[in-house]
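Enquirer: Here it is, the structure, as structure tokens.
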Amino acid sequence: MAGNRLRIRLNSGLPMELVAKALAVVDSNHGQVHAKNAYSFPAFISALAAAGTHDIRIVVPASTYIHFQALAIAPDGEKWKLELYEGYTGTPTGGSAITPRNRNRAGGSNDNSALTVMSGEASITPTTLLDTIYVGGSSGGKASGGGQAVDDVEWVLNPGASYILRATNGGASASSANVKALWYEEASV
């Protein structure tokens, strides 16, 4: 219905809603998506053994500020833990590259994230624990099936540093999970 549309006009160069006389506001994350600065990746971890771990290494270039917005883990029924670490020791071996995807798909893919993301590498030990999220499951947790746990409080990552996302299957049997990360990037000043 035409009468229910939001009507906006510019007032001194700022958008203003006509009925409530309020400024039209876009939050920072939404603005970063439209500016083509926001990225994410899904990483599917398949049939990880009970008590097994899977690492995702994130390398931040020295020239970029990364505003890490959200982490999520959604397992298939077992309890899982997802930890964010800053730094590691050892030399990474194996693994495969993950291509971060630009959250604004209009006008082409724009999949040009400054981050290097590697999944499933071995021979590394994370050092400084920054954050942990848990999701309950069928073996020992209160949930009877799959669930999801999300951390959506921003971390501004250190330019030139490396980070490890470590997913741990806390269940009694092999289990799969999807890990998702969301961030936006800006050149350092």
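Please note that chains go A, B, ... in the order of the structure tokens, that every chain numbers its residues from 1, and that ligands are numbered from 1 in the order shown.
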Give me, as a PyMOL selection string, the residues of range 17-140 of chain A that a backbone DSSP run labels strand (DSSP E or B).

Expert: chain A and resi 17+23+38-48+53-59+64-75+80-93+96-98+101-102+116-119+122-135

Enquirer: Using the chain letters and numbers from this document, which residues of range 2-186 of chain A does DSSP assign to helix (DSSP H, G or I), as a list in words?

Expert: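 Filtering range 2-186 of chain A down to helix (DSSP H, G or I) leaves Ala2, Gly3, Asn4, Ser28, Asn29, His30, Gly31, Gln32, Val33 and His34 of chain A.
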
Enquirer: Keeping only N, CA, C and O atoms, write the selected residues to a file as a PDB file, in the first residue's frame.

Expert:
```
ATOM      1  N   ALA A   2       0.556   2.172  -0.872  1.00  0.00           N
ATOM      2  CA  ALA A   2       1.365   3.369  -1.014  1.00  0.00           C
ATOM      3  C   ALA A   2       1.389   4.200   0.267  1.00  0.00           C
ATOM      4  O   ALA A   2       2.381   4.830   0.587  1.00  0.00           O
ATOM      5  N   GLY A   3       0.330   4.215   1.054  1.00  0.00           N
ATOM      6  CA  GLY A   3       0.271   5.024   2.261  1.00  0.00           C
ATOM      7  C   GLY A   3       1.167   4.528   3.382  1.00  0.00           C
ATOM      8  O   GLY A   3       1.420   5.258   4.330  1.00  0.00           O
ATOM      9  N   ASN A   4       1.670   3.295   3.295  1.00  0.00           N
ATOM     10  CA  ASN A   4       2.491   2.743   4.367  1.00  0.00           C
ATOM     11  C   ASN A   4       3.985   2.848   4.102  1.00  0.00           C
ATOM     12  O   ASN A   4       4.775   2.374   4.892  1.00  0.00           O
ATOM     13  N   SER A  28      26.625   1.045  11.972  1.00  0.00           N
ATOM     14  CA  SER A  28      27.954   0.933  11.378  1.00  0.00           C
ATOM     15  C   SER A  28      28.134  -0.353  10.574  1.00  0.00           C
ATOM     16  O   SER A  28      28.651  -0.334   9.458  1.00  0.00           O
ATOM     17  N   ASN A  29      27.702  -1.500  11.129  1.00  0.00           N
ATOM     18  CA  ASN A  29      27.857  -2.771  10.422  1.00  0.00           C
ATOM     19  C   ASN A  29      27.117  -2.764   9.098  1.00  0.00           C
ATOM     20  O   ASN A  29      27.639  -3.211   8.076  1.00  0.00           O
ATOM     21  N   HIS A  30      25.892  -2.255   9.105  1.00  0.00           N
ATOM     22  CA  HIS A  30      25.091  -2.179   7.884  1.00  0.00           C
ATOM     23  C   HIS A  30      25.793  -1.274   6.860  1.00  0.00           C
ATOM     24  O   HIS A  30      25.857  -1.591   5.669  1.00  0.00           O
ATOM     25  N   GLY A  31      26.324  -0.158   7.332  1.00  0.00           N
ATOM     26  CA  GLY A  31      27.040   0.753   6.437  1.00  0.00           C
ATOM     27  C   GLY A  31      28.279   0.113   5.841  1.00  0.00           C
ATOM     28  O   GLY A  31      28.605   0.338   4.674  1.00  0.00           O
ATOM     29  N   GLN A  32      28.986  -0.709   6.634  1.00  0.00           N
ATOM     30  CA  GLN A  32      30.183  -1.384   6.123  1.00  0.00           C
ATOM     31  C   GLN A  32      29.839  -2.397   5.032  1.00  0.00           C
ATOM     32  O   GLN A  32      30.610  -2.585   4.095  1.00  0.00           O
ATOM     33  N   VAL A  33      28.689  -3.055   5.157  1.00  0.00           N
ATOM     34  CA  VAL A  33      28.245  -3.972   4.103  1.00  0.00           C
ATOM     35  C   VAL A  33      28.034  -3.193   2.809  1.00  0.00           C
ATOM     36  O   VAL A  33      28.525  -3.567   1.743  1.00  0.00           O
ATOM     37  N   HIS A  34      27.310  -2.068   2.889  1.00  0.00           N
ATOM     38  CA  HIS A  34      27.043  -1.273   1.685  1.00  0.00           C
ATOM     39  C   HIS A  34      28.312  -0.655   1.106  1.00  0.00           C
ATOM     40  O   HIS A  34      28.405  -0.453  -0.104  1.00  0.00           O
TER      41      HIS A  34
END
```

Enquirer: Using only C-alpha atoms, determine which residues lie at most 8 Å from range 159-165 of chain A, disregarding the query and same-chain residues fewer than 6 positions distant; provide the list as a PDB file with N, CA and C atoms, in the first residue's frame.

Expert:
```pdb
ATOM      1  N   ASP A  55      41.648 -26.316  13.662  1.00  0.00           N
ATOM      2  CA  ASP A  55      42.102 -24.925  13.716  1.00  0.00           C
ATOM      3  C   ASP A  55      41.845 -24.198  12.410  1.00  0.00           C
ATOM      4  N   ILE A  56      41.488 -22.925  12.552  1.00  0.00           N
ATOM      5  CA  ILE A  56      41.375 -22.004  11.422  1.00  0.00           C
ATOM      6  C   ILE A  56      42.305 -20.843  11.742  1.00  0.00           C
ATOM      7  N   ARG A  57      43.313 -20.642  10.886  1.00  0.00           N
ATOM      8  CA  ARG A  57      44.309 -19.588  11.115  1.00  0.00           C
ATOM      9  C   ARG A  57      43.953 -18.361  10.284  1.00  0.00           C
ATOM     10  N   ILE A  58      43.983 -17.205  10.934  1.00  0.00           N
ATOM     11  CA  ILE A  58      43.658 -15.929  10.291  1.00  0.00           C
ATOM     12  C   ILE A  58      44.880 -15.029  10.398  1.00  0.00           C
ATOM     13  N   VAL A  59      45.391 -14.570   9.251  1.00  0.00           N
ATOM     14  CA  VAL A  59      46.565 -13.695   9.220  1.00  0.00           C
ATOM     15  C   VAL A  59      46.095 -12.290   8.843  1.00  0.00           C
ATOM     16  N   VAL A  60      46.384 -11.332   9.736  1.00  0.00           N
ATOM     17  CA  VAL A  60      45.997  -9.935   9.531  1.00  0.00           C
ATOM     18  C   VAL A  60      47.208  -9.178   8.987  1.00  0.00           C
ATOM     19  N   PRO A  61      47.081  -8.537   7.820  1.00  0.00           N
ATOM     20  CA  PRO A  61      48.218  -7.767   7.316  1.00  0.00           C
ATOM     21  C   PRO A  61      48.485  -6.542   8.194  1.00  0.00           C
ATOM     22  N   ALA A  62      49.734  -6.076   8.177  1.00  0.00           N
ATOM     23  CA  ALA A  62      50.120  -4.926   9.000  1.00  0.00           C
ATOM     24  C   ALA A  62      49.419  -3.646   8.567  1.00  0.00           C
ATOM     25  N   SER A  63      48.896  -3.602   7.366  1.00  0.00           N
ATOM     26  CA  SER A  63      48.304  -2.382   6.828  1.00  0.00           C
ATOM     27  C   SER A  63      46.791  -2.281   7.016  1.00  0.00           C
ATOM     28  N   THR A  64      46.181  -3.193   7.753  1.00  0.00           N
ATOM     29  CA  THR A  64      44.719  -3.247   7.816  1.00  0.00           C
ATOM     30  C   THR A  64      44.215  -3.426   9.239  1.00  0.00           C
ATOM     31  N   TYR A  65      43.182  -2.635   9.582  1.00  0.00           N
ATOM     32  CA  TYR A  65      42.453  -2.864  10.835  1.00  0.00           C
ATOM     33  C   TYR A  65      41.288  -3.783  10.540  1.00  0.00           C
ATOM     34  N   ILE A  66      41.165  -4.846  11.315  1.00  0.00           N
ATOM     35  CA  ILE A  66      40.074  -5.799  11.171  1.00  0.00           C
ATOM     36  C   ILE A  66      39.150  -5.640  12.375  1.00  0.00           C
ATOM     37  N   LEU A  82      34.211 -23.186  20.786  1.00  0.00           N
ATOM     38  CA  LEU A  82      34.954 -22.410  19.794  1.00  0.00           C
ATOM     39  C   LEU A  82      35.736 -21.341  20.535  1.00  0.00           C
ATOM     40  N   GLU A  83      37.061 -21.354  20.337  1.00  0.00           N
ATOM     41  CA  GLU A  83      37.929 -20.412  21.032  1.00  0.00           C
ATOM     42  C   GLU A  83      38.646 -19.514  20.028  1.00  0.00           C
ATOM     43  N   LEU A  84      38.849 -18.256  20.417  1.00  0.00           N
ATOM     44  CA  LEU A  84      39.621 -17.302  19.629  1.00  0.00           C
ATOM     45  C   LEU A  84      40.925 -17.029  20.371  1.00  0.00           C
ATOM     46  N   TYR A  85      42.043 -17.293  19.688  1.00  0.00           N
ATOM     47  CA  TYR A  85      43.370 -17.067  20.254  1.00  0.00           C
ATOM     48  C   TYR A  85      44.111 -16.030  19.428  1.00  0.00           C
ATOM     49  N   GLU A  86      44.975 -15.264  20.100  1.00  0.00           N
ATOM     50  CA  GLU A  86      45.891 -14.372  19.409  1.00  0.00           C
ATOM     51  C   GLU A  86      47.273 -14.999  19.480  1.00  0.00           C
ATOM     52  N   GLY A  87      47.872 -15.229  18.318  1.00  0.00           N
ATOM     53  CA  GLY A  87      49.210 -15.786  18.240  1.00  0.00           C
ATOM     54  C   GLY A  87      49.245 -17.301  18.325  1.00  0.00           C
ATOM     55  N   TYR A  88      50.370 -17.858  17.902  1.00  0.00           N
ATOM     56  CA  TYR A  88      50.588 -19.304  17.960  1.00  0.00           C
ATOM     57  C   TYR A  88      52.076 -19.578  17.886  1.00  0.00           C
ATOM     58  N   PRO A 126      48.062 -22.623  19.698  1.00  0.00           N
ATOM     59  CA  PRO A 126      47.615 -21.253  19.989  1.00  0.00           C
ATOM     60  C   PRO A 126      48.199 -20.771  21.312  1.00  0.00           C
TER      61      PRO A 126
END
```

Enquirer: Identify, on the basis of only C-alpha atoms, every residue whose closest approach to Ala49 in chain A does not exceed 9 Å; exclude the query and any residue fewer than 4 positions from it along the same chain; express the result as a ChimeraX atom specification.

Expert: /A:53,169,171-176

Enquirer: Put those residues in a file: C-alpha atoms, as a PDB file, in the first residue's frame.

Expert:
```pdb
ATOM      1  CA  THR A  53      40.228 -30.056  17.506  1.00  0.00           C
ATOM      2  CA  ASN A 169      34.240 -31.501  19.662  1.00  0.00           C
ATOM      3  CA  GLY A 171      30.962 -34.856  22.575  1.00  0.00           C
ATOM      4  CA  ALA A 172      31.266 -38.617  22.979  1.00  0.00           C
ATOM      5  CA  SER A 173      31.323 -39.383  19.244  1.00  0.00           C
ATOM      6  CA  ALA A 174      32.404 -37.915  15.907  1.00  0.00           C
ATOM      7  CA  SER A 175      30.473 -34.786  15.021  1.00  0.00           C
ATOM      8  CA  SER A 176      30.321 -32.070  12.368  1.00  0.00           C
TER       9      SER A 176
END
```

Enquirer: Skipping near chain neighbours, those fewer than 3 positions away, what residues fall within 10 Å of Val153 in chain A using only C-alpha atoms, listed as a ChimeraX atom specification?

Expert: /A:68-71,150

Enquirer: Quick one: write out the picked residues with N, CA and C atoms as a short mmCIF file (atom, residue, chain, number, x, y, z; two decimals), in the first residue's frame?

Expert:
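Result written to selection_4.cif:
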```cif
data_model
loop_
_atom_site.label_atom_id
_atom_site.label_comp_id
_atom_site.auth_asym_id
_atom_site.auth_seq_id
_atom_site.Cartn_x
_atom_site.Cartn_y
_atom_site.Cartn_z
N PHE A 68 36.55 -7.48 13.94
CA PHE A 68 35.97 -8.82 14.00
C PHE A 68 34.63 -8.71 14.72
N GLN A 69 33.53 -8.94 14.01
CA GLN A 69 32.19 -8.66 14.51
C GLN A 69 31.50 -9.83 15.18
N ALA A 70 31.64 -11.01 14.62
CA ALA A 70 30.85 -12.12 15.16
C ALA A 70 31.51 -13.46 14.85
N LEU A 71 31.31 -14.38 15.76
CA LEU A 71 31.69 -15.78 15.59
C LEU A 71 30.47 -16.61 15.89
N VAL A 150 26.66 -17.97 19.52
CA VAL A 150 27.14 -16.81 18.80
C VAL A 150 27.79 -15.84 19.77
#
```

Enquirer: Please provide as a list in words all residues within 6 Å of Lys79 in chain A, with the sequence filter that same-chain residues fewer than 2 positions apart are discarded (counting only C-alpha atoms).

Expert: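 Once the nearby chain positions are removed, what remains is Val135, Gly136, Gly137, Gly170 and Gly171 of chain A.
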